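The data block below is input03.txt; it holds compact mmCIF, C-alpha atoms and all ligand atoms.
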# COMPACT_ATOMS: atom_id res chain seq x y z
CA MET A 1386 -6.48 23.09 9.54
CA SER A 1387 -8.40 26.21 8.51
CA ASP A 1388 -10.80 27.73 11.03
CA LEU A 1389 -13.73 29.14 9.09
CA SER A 1390 -16.10 29.71 12.02
CA LEU A 1391 -17.74 33.14 11.89
CA ALA A 1392 -18.83 33.33 15.54
CA ALA A 1393 -16.61 35.90 17.29
CA ALA A 1394 -16.78 38.93 19.56
CA THR A 1395 -15.96 42.17 17.76
CA PRO A 1396 -12.24 42.93 18.32
CA ASP A 1397 -10.85 46.39 19.11
CA CYS A 1398 -9.19 46.54 15.68
CA ALA A 1399 -12.61 46.46 13.93
CA ASP A 1400 -13.54 49.46 11.79
CA GLY A 1401 -17.26 50.02 11.29
CA GLY A 1402 -17.96 46.45 12.42
CA VAL A 1403 -15.49 44.95 9.90
CA TRP A 1404 -12.13 43.31 10.49
CA LEU A 1405 -9.80 40.71 8.97
CA THR A 1406 -9.07 37.30 10.51
CA CYS A 1407 -6.34 34.85 9.59
CA ILE A 1408 -8.04 31.52 8.84
CA GLU A 1409 -4.95 29.62 10.03
CA CYS A 1410 -3.88 31.23 13.33
CA GLY A 1411 -6.90 33.44 14.18
CA GLU A 1412 -4.90 36.70 14.21
CA GLN A 1413 -7.27 39.67 13.92
CA LEU A 1414 -6.30 42.76 11.93
CA ALA A 1415 -7.64 46.26 11.23
CA PRO A 1416 -9.21 46.14 7.76
CA PHE A 1417 -8.37 49.52 6.20
CA ASP A 1418 -5.19 50.75 7.89
CA GLU A 1419 -2.81 49.39 5.27
CA PRO A 1420 -2.93 46.92 2.37
CA THR A 1421 -2.76 43.37 3.80
CA TYR A 1422 -3.15 40.19 1.80
CA ARG A 1423 -1.84 37.48 4.12
CA CYS A 1424 -1.40 37.10 7.86
CA PRO A 1425 1.75 38.97 8.93
CA ASP A 1426 2.33 36.33 11.63
CA CYS A 1427 1.88 33.01 9.83
CA GLY A 1428 1.24 33.82 6.16
CA GLY A 1429 -2.26 32.34 6.27
CA LEU A 1430 -5.15 33.55 4.12
CA LEU A 1431 -7.25 36.40 5.48
CA GLU A 1432 -11.02 36.61 5.60
CA ALA A 1433 -13.28 39.63 6.16
CA ARG A 1434 -15.44 39.28 9.26
CA TYR A 1435 -18.38 41.34 10.46
CA GLU A 1436 -20.04 42.24 13.72
CA GLN A 1437 -23.36 41.15 12.20
CA TYR A 1438 -24.42 38.93 9.34
CA PRO A 1439 -27.65 39.91 7.57
CA THR A 1440 -30.72 37.84 6.70
CA PHE A 1441 -32.47 38.04 3.31
CA GLU A 1442 -34.90 40.66 4.65
CA GLU A 1443 -32.04 43.15 4.92
CA PHE A 1444 -31.25 43.04 1.19
CA SER A 1445 -32.78 45.68 -1.08
CA GLY A 1446 -32.02 47.24 -4.46
CA ARG A 1447 -30.32 45.46 -7.38
CA GLY A 1448 -26.94 44.04 -8.30
CA VAL A 1449 -23.94 43.54 -6.05
CA TRP A 1450 -24.78 46.53 -3.83
CA ARG A 1451 -28.20 45.05 -3.07
CA TYR A 1452 -26.17 43.05 -0.57
CA ASP A 1453 -24.47 46.03 1.08
CA ALA A 1454 -25.55 44.78 4.51
CA ALA A 1455 -23.12 41.89 3.91
CA LEU A 1456 -20.33 44.07 2.45
CA PRO A 1457 -17.75 46.37 4.04
CA PHE A 1458 -19.26 49.50 2.43
CA ASP A 1459 -22.66 50.53 1.13
CA HIS A 1460 -21.55 51.69 -2.33
CA GLY A 1461 -18.56 51.61 -4.64
CA VAL A 1462 -17.36 52.30 -8.17
CA SER A 1463 -20.12 50.55 -10.08
CA LEU A 1464 -20.83 49.95 -13.78
CA PRO A 1465 -23.21 48.36 -12.47
CA GLU A 1466 -22.55 44.65 -11.90
CA GLY A 1467 -24.40 41.56 -10.69
CA ASP A 1468 -28.10 40.80 -11.19
CA THR A 1469 -27.16 38.24 -13.84
CA PRO A 1470 -29.69 35.84 -15.38
CA LEU A 1471 -30.45 32.38 -14.03
CA HIS A 1472 -31.23 30.83 -17.41
CA GLU A 1473 -33.58 27.93 -17.98
CA VAL A 1474 -31.98 25.34 -20.26
CA PRO A 1475 -34.76 22.78 -20.80
CA ARG A 1476 -32.98 20.66 -23.43
CA LEU A 1477 -29.80 20.42 -21.42
CA GLU A 1478 -31.82 19.72 -18.28
CA ALA A 1479 -33.57 16.79 -20.01
CA ASP A 1480 -30.33 15.58 -21.54
CA VAL A 1481 -28.41 15.60 -18.25
CA GLY A 1482 -31.40 14.17 -16.42
CA VAL A 1483 -31.83 16.10 -13.19
CA ARG A 1484 -34.94 17.45 -11.46
CA SER A 1485 -34.01 20.98 -12.48
CA LEU A 1486 -31.02 22.64 -14.09
CA ARG A 1487 -30.44 26.38 -14.23
CA VAL A 1488 -27.44 28.30 -15.54
CA LYS A 1489 -26.24 31.38 -13.67
CA HIS A 1490 -24.59 33.34 -16.46
CA GLU A 1491 -21.91 35.55 -14.99
CA GLY A 1492 -20.78 36.42 -18.51
CA MET A 1493 -23.58 39.01 -18.42
CA ASN A 1494 -21.64 41.29 -16.10
CA PRO A 1495 -20.34 44.61 -17.53
CA THR A 1496 -16.93 43.35 -18.61
CA GLY A 1497 -18.28 39.87 -19.32
CA SER A 1498 -17.22 37.92 -16.25
CA PHE A 1499 -17.90 37.49 -12.52
CA LYS A 1500 -14.70 39.39 -11.75
CA ASP A 1501 -16.68 42.66 -11.88
CA ARG A 1502 -18.41 41.70 -8.63
CA GLY A 1503 -15.08 41.44 -6.86
CA MET A 1504 -13.71 44.59 -8.46
CA THR A 1505 -16.56 46.89 -7.44
CA VAL A 1506 -15.82 46.03 -3.80
CA GLY A 1507 -12.04 45.71 -4.17
CA VAL A 1508 -11.67 49.10 -5.86
CA ARG A 1509 -13.85 50.68 -3.15
CA VAL A 1510 -11.41 49.34 -0.55
CA ALA A 1511 -8.47 50.60 -2.65
CA GLU A 1512 -10.01 54.09 -2.49
CA GLU A 1513 -10.40 53.76 1.28
CA LEU A 1514 -6.72 52.81 1.58
CA GLY A 1515 -5.72 55.72 -0.63
CA VAL A 1516 -3.57 53.66 -3.03
CA SER A 1517 -2.71 55.04 -6.46
CA ARG A 1518 -1.89 51.93 -8.52
CA LEU A 1519 -3.86 48.70 -8.85
CA ALA A 1520 -2.34 45.46 -10.12
CA CYS A 1521 -3.18 41.84 -10.81
CA ALA A 1522 -1.89 38.69 -12.43
CA SER A 1523 -4.48 37.25 -14.74
CA THR A 1524 -5.52 34.57 -17.16
CA GLY A 1525 -7.47 37.46 -18.72
CA ASN A 1526 -10.78 38.21 -17.10
CA THR A 1527 -9.41 39.74 -13.92
CA SER A 1528 -7.24 42.04 -16.04
CA ALA A 1529 -10.26 43.19 -18.07
CA ALA A 1530 -12.27 43.91 -14.92
CA LEU A 1531 -9.36 45.59 -13.15
CA ALA A 1532 -8.69 47.83 -16.15
CA ALA A 1533 -12.35 48.87 -16.43
CA TYR A 1534 -12.98 49.51 -12.73
CA GLY A 1535 -9.56 51.07 -12.18
CA GLY A 1536 -10.19 53.34 -15.16
CA ARG A 1537 -13.59 54.30 -13.82
CA ALA A 1538 -11.98 55.16 -10.46
CA ASP A 1539 -9.22 57.12 -12.25
CA LEU A 1540 -6.49 54.88 -10.83
CA GLU A 1541 -3.42 53.55 -12.62
CA THR A 1542 -3.69 49.84 -13.53
CA LEU A 1543 -0.99 47.26 -14.17
CA VAL A 1544 -1.67 43.69 -15.30
CA LEU A 1545 0.69 40.72 -15.67
CA LEU A 1546 -0.43 38.14 -18.22
CA PRO A 1547 1.06 34.78 -19.22
CA ALA A 1548 2.42 35.51 -22.72
CA GLY A 1549 0.46 33.85 -25.52
CA LYS A 1550 -2.07 32.20 -23.19
CA VAL A 1551 -4.75 34.86 -22.80
CA ALA A 1552 -7.84 34.93 -25.04
CA ALA A 1553 -8.04 37.82 -27.50
CA GLY A 1554 -11.17 39.51 -26.11
CA LYS A 1555 -9.65 39.85 -22.67
CA VAL A 1556 -6.37 41.40 -23.82
CA ALA A 1557 -8.36 43.80 -26.00
CA GLN A 1558 -10.44 44.88 -23.00
CA ALA A 1559 -7.43 45.42 -20.74
CA ALA A 1560 -5.73 47.41 -23.50
CA LEU A 1561 -8.67 49.66 -24.34
CA HIS A 1562 -9.60 50.33 -20.72
CA GLY A 1563 -6.08 51.63 -20.27
CA ALA A 1564 -4.13 49.05 -18.29
CA ARG A 1565 -0.40 48.80 -18.68
CA ILE A 1566 -0.03 45.19 -19.86
CA LEU A 1567 3.10 43.17 -19.08
CA GLU A 1568 3.31 39.82 -20.89
CA VAL A 1569 5.37 37.47 -18.76
CA ASP A 1570 7.28 34.51 -20.10
CA GLY A 1571 5.63 32.13 -17.61
CA ASN A 1572 2.23 30.82 -16.59
CA PHE A 1573 -0.43 32.49 -14.42
CA ASP A 1574 1.05 31.13 -11.20
CA ALA A 1575 4.42 32.72 -12.01
CA CYS A 1576 2.65 36.03 -12.76
CA LEU A 1577 0.86 35.86 -9.41
CA ASP A 1578 4.13 35.17 -7.55
CA ILE A 1579 5.66 38.29 -9.11
CA VAL A 1580 2.70 40.61 -8.63
CA SER A 1581 2.36 39.48 -5.00
CA GLU A 1582 5.97 40.45 -4.49
CA LEU A 1583 5.37 43.84 -6.11
CA ALA A 1584 2.40 44.34 -3.78
CA ASP A 1585 4.43 43.31 -0.71
CA ARG A 1586 7.04 45.89 -1.72
CA GLY A 1587 4.35 48.57 -1.81
CA GLU A 1588 4.50 49.04 -5.59
CA ALA A 1589 0.79 48.41 -6.17
CA TYR A 1590 -2.45 47.31 -4.53
CA LEU A 1591 -3.11 43.65 -5.35
CA LEU A 1592 -6.56 42.85 -6.67
CA ASN A 1593 -6.29 39.13 -7.26
CA SER A 1594 -8.63 36.87 -5.31
CA LEU A 1595 -5.91 36.54 -2.66
CA ASN A 1596 -7.29 39.94 -1.64
CA PRO A 1597 -10.07 39.02 0.81
CA PHE A 1598 -12.28 41.94 -0.27
CA ARG A 1599 -12.49 40.64 -3.86
CA LEU A 1600 -14.21 37.56 -2.47
CA GLU A 1601 -16.66 39.72 -0.51
CA GLY A 1602 -18.00 41.02 -3.81
CA GLN A 1603 -18.05 37.57 -5.39
CA LYS A 1604 -20.03 36.03 -2.56
CA THR A 1605 -23.05 37.95 -3.89
CA ILE A 1606 -23.28 35.27 -6.62
CA GLY A 1607 -24.36 32.90 -3.85
CA PHE A 1608 -26.97 35.30 -2.47
CA GLU A 1609 -28.40 35.91 -5.96
CA ILE A 1610 -28.61 32.21 -6.80
CA LEU A 1611 -30.47 31.38 -3.59
CA GLU A 1612 -32.90 34.29 -3.92
CA ALA A 1613 -33.67 33.67 -7.61
CA PHE A 1614 -33.98 29.90 -7.23
CA ARG A 1615 -36.25 30.28 -4.23
CA ASP A 1616 -38.45 32.77 -6.14
CA ASP A 1617 -38.91 30.23 -8.95
CA TYR A 1618 -39.15 26.94 -7.05
CA GLY A 1619 -39.78 27.80 -3.39
CA ARG A 1620 -36.62 25.96 -2.33
CA VAL A 1621 -32.85 26.33 -2.65
CA PRO A 1622 -30.76 24.23 -5.07
CA ASP A 1623 -29.14 21.01 -3.88
CA ARG A 1624 -25.93 21.62 -5.77
CA ILE A 1625 -23.92 24.40 -7.38
CA VAL A 1626 -21.38 23.32 -9.99
CA LEU A 1627 -18.64 25.78 -10.91
CA PRO A 1628 -15.35 25.97 -12.78
CA VAL A 1629 -12.30 26.22 -10.54
CA GLY A 1630 -9.04 28.02 -11.24
CA ASN A 1631 -7.66 29.93 -8.28
CA ALA A 1632 -10.65 28.67 -6.24
CA GLY A 1633 -11.78 32.18 -5.36
CA ASN A 1634 -15.40 31.66 -6.33
CA THR A 1635 -15.62 28.36 -4.50
CA ALA A 1636 -14.31 30.10 -1.38
CA ALA A 1637 -16.66 33.08 -1.92
CA LEU A 1638 -19.78 30.95 -2.35
CA TYR A 1639 -18.94 28.96 0.76
CA LYS A 1640 -18.54 32.21 2.66
CA ALA A 1641 -21.95 33.44 1.47
CA PHE A 1642 -23.56 30.25 2.78
CA ARG A 1643 -21.66 30.30 6.08
CA GLU A 1644 -22.82 33.86 6.65
CA LEU A 1645 -26.46 32.99 5.95
CA VAL A 1646 -26.23 30.03 8.33
CA GLN A 1647 -24.62 32.27 10.96
CA ALA A 1648 -27.47 34.79 10.52
CA GLY A 1649 -30.05 32.03 10.87
CA ALA A 1650 -31.30 32.69 7.30
CA LEU A 1651 -30.32 29.26 5.96
CA ALA A 1652 -30.36 25.87 7.67
CA GLU A 1653 -27.05 24.00 7.73
CA ASP A 1654 -28.62 21.13 5.78
CA GLU A 1655 -29.91 23.50 3.08
CA VAL A 1656 -26.43 24.64 2.05
CA PRO A 1657 -25.89 23.58 -1.58
CA MET A 1658 -23.20 21.01 -2.32
CA LEU A 1659 -20.27 22.92 -3.81
CA THR A 1660 -18.94 21.00 -6.76
CA GLY A 1661 -15.78 22.18 -8.49
CA VAL A 1662 -14.73 21.38 -12.04
CA GLN A 1663 -11.24 21.69 -13.46
CA ALA A 1664 -9.68 20.95 -16.82
CA ALA A 1665 -7.81 17.63 -16.72
CA GLY A 1666 -4.57 19.43 -17.62
CA ALA A 1667 -4.83 21.79 -14.63
CA ALA A 1668 -6.53 19.89 -11.82
CA PRO A 1669 -4.70 20.29 -8.48
CA MET A 1670 -7.99 20.84 -6.61
CA VAL A 1671 -9.42 17.61 -7.96
CA GLU A 1672 -6.24 15.85 -6.90
CA ALA A 1673 -6.50 17.34 -3.39
CA ILE A 1674 -10.13 16.22 -3.03
CA GLU A 1675 -9.40 12.74 -4.34
CA GLU A 1676 -6.28 12.33 -2.20
CA GLY A 1677 -7.69 14.02 0.94
CA TYR A 1678 -5.00 16.73 1.04
CA ALA A 1679 -5.46 19.75 3.36
CA ASP A 1680 -3.98 21.98 0.64
CA THR A 1681 -3.22 21.56 -3.04
CA GLU A 1682 0.15 20.56 -4.38
CA ARG A 1683 1.39 22.95 -7.04
CA TRP A 1684 1.31 21.70 -10.63
CA GLU A 1685 4.22 23.29 -12.49
CA ASP A 1686 3.02 22.30 -15.96
CA VAL A 1687 -0.57 23.08 -16.78
CA GLU A 1688 -2.35 23.08 -20.13
CA THR A 1689 -5.94 23.41 -21.32
CA ARG A 1690 -8.00 25.05 -24.04
CA ALA A 1691 -9.93 26.70 -21.19
CA THR A 1692 -7.13 29.24 -20.67
CA ALA A 1693 -9.06 31.08 -17.92
CA ILE A 1694 -8.53 28.11 -15.61
CA ARG A 1695 -5.02 27.20 -16.71
CA ILE A 1696 -3.80 27.40 -13.10
CA GLY A 1697 -1.58 25.01 -11.15
CA ASN A 1698 -1.45 26.65 -7.73
CA PRO A 1699 -4.94 27.67 -6.55
CA VAL A 1700 -4.18 30.17 -3.80
CA ASN A 1701 -7.63 29.97 -2.24
CA ALA A 1702 -7.54 26.20 -1.77
CA PRO A 1703 -7.35 26.44 2.06
CA LYS A 1704 -10.71 28.26 1.97
CA ALA A 1705 -12.27 26.29 -0.86
CA LEU A 1706 -11.36 22.70 0.02
CA PRO A 1707 -13.19 22.85 3.39
CA GLY A 1708 -16.18 24.32 1.52
CA ILE A 1709 -16.35 21.44 -0.93
CA ARG A 1710 -15.95 18.90 1.88
CA ALA A 1711 -18.27 20.46 4.45
CA THR A 1712 -21.12 20.88 1.97
CA GLY A 1713 -20.86 17.28 0.77
CA GLY A 1714 -19.72 18.36 -2.68
CA THR A 1715 -16.89 17.05 -4.79
CA ALA A 1716 -14.45 17.99 -7.55
CA VAL A 1717 -14.06 16.49 -10.99
CA ALA A 1718 -11.72 16.89 -13.96
CA VAL A 1719 -12.94 17.06 -17.56
CA ALA A 1720 -11.16 16.75 -20.89
CA ASP A 1721 -10.94 19.74 -23.25
CA ASP A 1722 -13.22 18.02 -25.77
CA GLU A 1723 -15.86 17.53 -23.08
CA ILE A 1724 -15.60 21.26 -22.35
CA THR A 1725 -16.10 22.13 -26.01
CA ASP A 1726 -19.10 19.77 -26.29
CA ALA A 1727 -20.68 21.49 -23.29
CA GLN A 1728 -19.91 24.92 -24.78
CA ARG A 1729 -21.80 23.87 -27.93
CA ALA A 1730 -24.74 22.47 -25.93
CA LEU A 1731 -25.10 25.74 -24.01
CA ALA A 1732 -24.75 27.77 -27.21
CA GLU A 1733 -27.50 25.73 -28.90
CA GLU A 1734 -29.84 26.99 -26.17
CA GLY A 1735 -28.68 30.56 -26.73
CA VAL A 1736 -26.29 30.76 -23.80
CA GLY A 1737 -22.90 31.91 -25.09
CA VAL A 1738 -20.01 31.15 -22.77
CA GLU A 1739 -16.24 30.91 -22.94
CA PRO A 1740 -14.59 27.47 -22.58
CA ALA A 1741 -13.76 27.68 -18.84
CA SER A 1742 -17.41 28.42 -18.12
CA ALA A 1743 -18.61 25.38 -20.00
CA ALA A 1744 -16.46 23.23 -17.70
CA SER A 1745 -19.25 23.43 -15.12
CA VAL A 1746 -21.74 21.78 -17.48
CA ALA A 1747 -19.16 19.26 -18.68
CA GLY A 1748 -18.45 18.35 -15.07
CA LEU A 1749 -22.13 17.99 -14.24
CA ARG A 1750 -22.64 15.67 -17.21
CA LYS A 1751 -19.74 13.52 -16.09
CA LEU A 1752 -20.85 13.33 -12.46
CA ARG A 1753 -24.40 12.51 -13.56
CA GLU A 1754 -23.10 9.68 -15.79
CA GLU A 1755 -21.03 8.38 -12.89
CA GLY A 1756 -24.10 8.48 -10.62
CA VAL A 1757 -22.47 10.95 -8.23
CA VAL A 1758 -25.21 13.46 -9.08
CA ASP A 1759 -28.68 12.01 -8.61
CA GLU A 1760 -31.63 12.49 -10.97
CA SER A 1761 -33.63 13.99 -8.08
CA GLU A 1762 -31.28 16.95 -7.68
CA ASP A 1763 -31.88 20.64 -8.30
CA VAL A 1764 -28.66 21.92 -9.84
CA VAL A 1765 -27.27 25.33 -10.75
CA CYS A 1766 -24.25 25.52 -13.05
CA LEU A 1767 -22.20 28.68 -12.94
CA THR A 1768 -20.95 30.01 -16.27
CA THR A 1769 -18.27 32.51 -15.46
CA GLY A 1770 -17.41 34.33 -18.70
CA HIS A 1771 -19.02 35.43 -21.98
CA LEU A 1772 -18.54 33.67 -25.34
CA LEU A 1773 -16.94 36.78 -26.89
CA LYS A 1774 -14.10 36.68 -24.38
CA ASP A 1775 -12.51 33.96 -26.48
CA PRO A 1776 -13.65 34.46 -30.08
CA ASP A 1777 -11.06 32.03 -31.43
CA ALA A 1778 -12.32 29.16 -29.25
CA ALA A 1779 -15.92 29.99 -30.19
CA ALA A 1780 -15.15 30.05 -33.91
CA ALA A 1781 -13.24 26.77 -33.65
CA ALA A 1782 -16.12 25.09 -31.79
CA GLY A 1783 -18.82 26.45 -34.10
CA ALA A 1784 -19.87 26.02 -37.71
CA GLU A 1785 -17.53 26.89 -40.59
CA PRO A 1786 -18.55 29.90 -42.69
CA GLU A 1787 -19.32 28.83 -46.28
CA PRO A 1788 -17.96 31.03 -49.08
CA VAL A 1789 -20.60 31.70 -51.77
CA ALA A 1790 -20.87 33.77 -54.91
CA ASN A 1791 -22.36 37.29 -54.85
CA ASP A 1792 -25.52 35.99 -56.55
CA THR A 1793 -28.98 34.94 -55.29
CA GLU A 1794 -29.39 31.98 -57.70
CA ALA A 1795 -25.96 30.63 -56.78
CA ILE A 1796 -26.83 30.95 -53.09
CA LEU A 1797 -30.15 29.11 -53.59
CA ASP A 1798 -28.27 26.35 -55.44
CA HIS A 1799 -25.74 26.19 -52.64
CA LEU A 1800 -28.49 25.94 -50.01
CA SER A 1801 -30.25 23.12 -51.85
CA ASP A 1802 -27.06 21.04 -52.08
N1 LIG A 1901 -13.96 30.99 -15.09
C1 LIG A 1901 -13.43 32.07 -15.68
C2 LIG A 1901 -14.03 32.55 -16.95
C3 LIG A 1901 -12.31 32.71 -15.10
O1 LIG A 1901 -11.78 33.78 -15.70
C4 LIG A 1901 -11.75 32.19 -13.92
C5 LIG A 1901 -10.59 32.79 -13.30
C6 LIG A 1901 -12.37 31.07 -13.35
C7 LIG A 1901 -13.46 30.50 -13.96
C8 LIG A 1901 -11.86 30.46 -12.10
O2 LIG A 1901 -12.31 31.16 -11.01
O3 LIG A 1901 -10.20 31.50 -9.81
O4 LIG A 1901 -12.38 31.87 -8.70
O5 LIG A 1901 -11.60 29.57 -9.26
N2 LIG A 1901 -9.89 33.69 -13.85
C9 LIG A 1901 -8.80 34.42 -13.21
C10 LIG A 1901 -8.36 35.56 -14.08
C11 LIG A 1901 -7.72 33.59 -12.70
O6 LIG A 1901 -7.21 35.98 -14.00
O7 LIG A 1901 -9.17 36.08 -14.83
P1 LIG A 1901 -11.57 31.00 -9.59
Conversion result in structure tokens:
Amino acid sequence: MSDLSLAAATPDCADGGVWLTCIECGEQLAPFDEPTYRCPDCGGLLEARYEQYPTFEEFSGRGVWRYDAALPFDHGVSLPEGDTPLHEVPRLEADVGVRSLRVKHEGMNPTGSFKDRGMTVGVRVAEELGVSRLACASTGNTSAALAAYGGRADLETLVLLPAGKVAAGKVAQAALHGARILEVDGNFDACLDIVSELADRGEAYLLNSLNPFRLEGQKTIGFEILEAFRDDYGRVPDRIVLPVGNAGNTAALYKAFRELVQAGALAEDEVPMLTGVQAAGAAPMVEAIEEGYADTERWEDVETRATAIRIGNPVNAPKALPGIRATGGTAVAVADDEITDAQRALAEEGVGVEPASAASVAGLRKLREEGVVDESEDVVCLTTGHLLKDPDAAAAAGAEPEPVANDTEAILDHLSD
């Protein structure tokens, strides 16, 4: 059983008040001596820990680095990232039928997804470690962010993608920002197995969400949501609904809330209910929640139109499952057509998201219909990537262009039909 308690005396291995702890066996490790992704003793996931956890009063500035008091460094390679909008969606709010509904649009980050938050911190750590090559496996967005931030830091970047299963916008970004792109004849999980092995052999620094410092950057989503929601309503949301792939964001949000509770900045009973949504064709986290498993069981065959979350072996499950359970949240699977309907509903209110992102809204709708989500709730849905990431899915979900003659009268006739 994972131990996610943050209360601890600072160990000798700490560097600047930061260290790594294995969530399974409690082993404590120096953070910046050498690249470390899992516990060398038991293979458990690692988590960054700090001598002190800040309260809201200690945050100043904008974007991810506003939260430097909760991060291992006070600056990093920045484009800049974070400070994303918390959109009002009044029609969707009325349609779903909750007290309030806001959409935190992470597609508004510099490369169009929340991955930029993790990369600004992860690449800063890479610089500290003195590595020369960065690598990741990716369903697309991580590769785009890695290529951009690695390029900015003047580091070599290598990305492993599942051949034929990555949306066009993401491959284009990775290519133009200068990553070396390897298309693997296998799914994302296979790519992650290989790149983890490359990292273990010292061939590259791994910047998937298995890297605990990526999640440090991503936890700023949680800080931003609470601050912005509180500014608008004077309270924090009851529930945060988010798409789940590798379960990194779920783990990161839970860490943000645990830290605020530890600092005394948030009451235990104020922590929002973390609610994960997966595509029905790739739903091992939903299965684990429904069956009460301590970890997920790997799905070998996964399929969904939401290619970003086409993942069968969520590596962060041991951090994320306790988060969903302890906050009183849940997990739900949605069909691809429900995802597309939600993508259209968001787009009609001007919020353009890629399919995986719309899963959060599709999941909320479903849970509201089932009565799991109450009409009295304040809800925030996370939309993780921009519409233009997957232009083919957007075009397929949207209206058909109508061919017309090069003539005003003919166009007026056409419009009056
Ligand atoms: N939404 C989008 C748009 C994503 O790209 C991802 C993950 C997720 C949701 C799931 O987030 O892994 O934290 O649960 N994309 C990774 C990638 C796997 O390679 O870009 P998670």
>> To one decimal place in Å, what is the distance between CA of Ser1742 (chain A) and CA of Thr1496 (chain A)?
In response: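 So the answer is 14.9 Å.
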>> Counting all atoms listed in the file, what are the residues, protein, DNA or RNA alike, that approach ligand LIG 1901 (chain A) to within 9 Å? I want them as a PyMOL selection string.
In response: chain A and resi 1491-1492+1497-1500+1521-1530+1546+1555+1573+1593-1594+1600+1603+1627-1637+1661+1663+1691-1696+1699-1701+1738-1744+1767-1771+1774
> Which residues come within 9 Å of region 1441-1456 of chain A, counting all atoms listed in the file, excluding same-chain residues fewer than 5 positions away, as a VMD selection string?
Replying inline: chain A and resid 1403 1435 1461 1463 1465 to 1469 1502 1505 to 1506 1598 1601 to 1603 1605 to 1606 1608 to 1609 1612 1641 1644 to 1645 1650
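For the choices A:Ala1673, A:Ala1711, A:Leu1540, A:Leu1391, the atom-to-atom distance to Gly1515 (chain A) is smallest for A:Leu1540 when using all atoms listed in the file.
Note that the spacing between CA of Gly1571 (chain A) and CA of Arg1683 (chain A) amounts to 14.6 Å.
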Because the input lacks atoms here, generate N, CA, C and O atoms for region 1671-1682 of chain A and report them as a PDB file, keeping the file's coordinate frame.
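The resulting part-v9.pdb:
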ATOM      1  N   VAL A1671      -8.816  18.941  -7.829  1.00  0.00           N
ATOM      2  CA  VAL A1671      -9.420  17.610  -7.960  1.00  0.00           C
ATOM      3  C   VAL A1671      -8.504  16.584  -7.282  1.00  0.00           C
ATOM      4  O   VAL A1671      -8.954  15.716  -6.522  1.00  0.00           O
ATOM      5  N   GLU A1672      -7.216  16.736  -7.532  1.00  0.00           N
ATOM      6  CA  GLU A1672      -6.240  15.850  -6.900  1.00  0.00           C
ATOM      7  C   GLU A1672      -6.343  15.932  -5.374  1.00  0.00           C
ATOM      8  O   GLU A1672      -6.363  14.909  -4.677  1.00  0.00           O
ATOM      9  N   ALA A1673      -6.446  17.163  -4.847  1.00  0.00           N
ATOM     10  CA  ALA A1673      -6.500  17.340  -3.390  1.00  0.00           C
ATOM     11  C   ALA A1673      -7.766  16.703  -2.805  1.00  0.00           C
ATOM     12  O   ALA A1673      -7.720  16.094  -1.725  1.00  0.00           O
ATOM     13  N   ILE A1674      -8.887  16.837  -3.514  1.00  0.00           N
ATOM     14  CA  ILE A1674     -10.130  16.220  -3.030  1.00  0.00           C
ATOM     15  C   ILE A1674     -10.006  14.700  -3.085  1.00  0.00           C
ATOM     16  O   ILE A1674     -10.329  13.998  -2.118  1.00  0.00           O
ATOM     17  N   GLU A1675      -9.506  14.198  -4.203  1.00  0.00           N
ATOM     18  CA  GLU A1675      -9.400  12.740  -4.340  1.00  0.00           C
ATOM     19  C   GLU A1675      -8.419  12.132  -3.348  1.00  0.00           C
ATOM     20  O   GLU A1675      -8.629  11.048  -2.831  1.00  0.00           O
ATOM     21  N   GLU A1676      -7.333  12.876  -3.069  1.00  0.00           N
ATOM     22  CA  GLU A1676      -6.280  12.330  -2.200  1.00  0.00           C
ATOM     23  C   GLU A1676      -6.474  12.728  -0.727  1.00  0.00           C
ATOM     24  O   GLU A1676      -5.702  12.302   0.127  1.00  0.00           O
ATOM     25  N   GLY A1677      -7.461  13.604  -0.446  1.00  0.00           N
ATOM     26  CA  GLY A1677      -7.690  14.020   0.940  1.00  0.00           C
ATOM     27  C   GLY A1677      -6.668  14.992   1.480  1.00  0.00           C
ATOM     28  O   GLY A1677      -6.457  15.085   2.688  1.00  0.00           O
ATOM     29  N   TYR A1678      -6.006  15.751   0.586  1.00  0.00           N
ATOM     30  CA  TYR A1678      -5.000  16.730   1.040  1.00  0.00           C
ATOM     31  C   TYR A1678      -5.684  17.923   1.721  1.00  0.00           C
ATOM     32  O   TYR A1678      -6.773  18.327   1.336  1.00  0.00           O
ATOM     33  N   ALA A1679      -4.971  18.537   2.705  1.00  0.00           N
ATOM     34  CA  ALA A1679      -5.460  19.750   3.360  1.00  0.00           C
ATOM     35  C   ALA A1679      -5.232  20.975   2.473  1.00  0.00           C
ATOM     36  O   ALA A1679      -5.933  21.972   2.576  1.00  0.00           O
ATOM     37  N   ASP A1680      -4.240  20.896   1.590  1.00  0.00           N
ATOM     38  CA  ASP A1680      -3.980  21.980   0.640  1.00  0.00           C
ATOM     39  C   ASP A1680      -3.582  21.337  -0.684  1.00  0.00           C
ATOM     40  O   ASP A1680      -3.228  20.143  -0.721  1.00  0.00           O
ATOM     41  N   THR A1681      -3.602  22.126  -1.739  1.00  0.00           N
ATOM     42  CA  THR A1681      -3.220  21.560  -3.040  1.00  0.00           C
ATOM     43  C   THR A1681      -1.708  21.473  -3.159  1.00  0.00           C
ATOM     44  O   THR A1681      -0.970  22.209  -2.494  1.00  0.00           O
ATOM     45  N   GLU A1682      -1.261  20.583  -4.012  1.00  0.00           N
ATOM     46  CA  GLU A1682       0.150  20.560  -4.380  1.00  0.00           C
ATOM     47  C   GLU A1682       0.288  21.246  -5.725  1.00  0.00           C
ATOM     48  O   GLU A1682      -0.496  20.976  -6.643  1.00  0.00           O
TER      49      GLU A1682
END
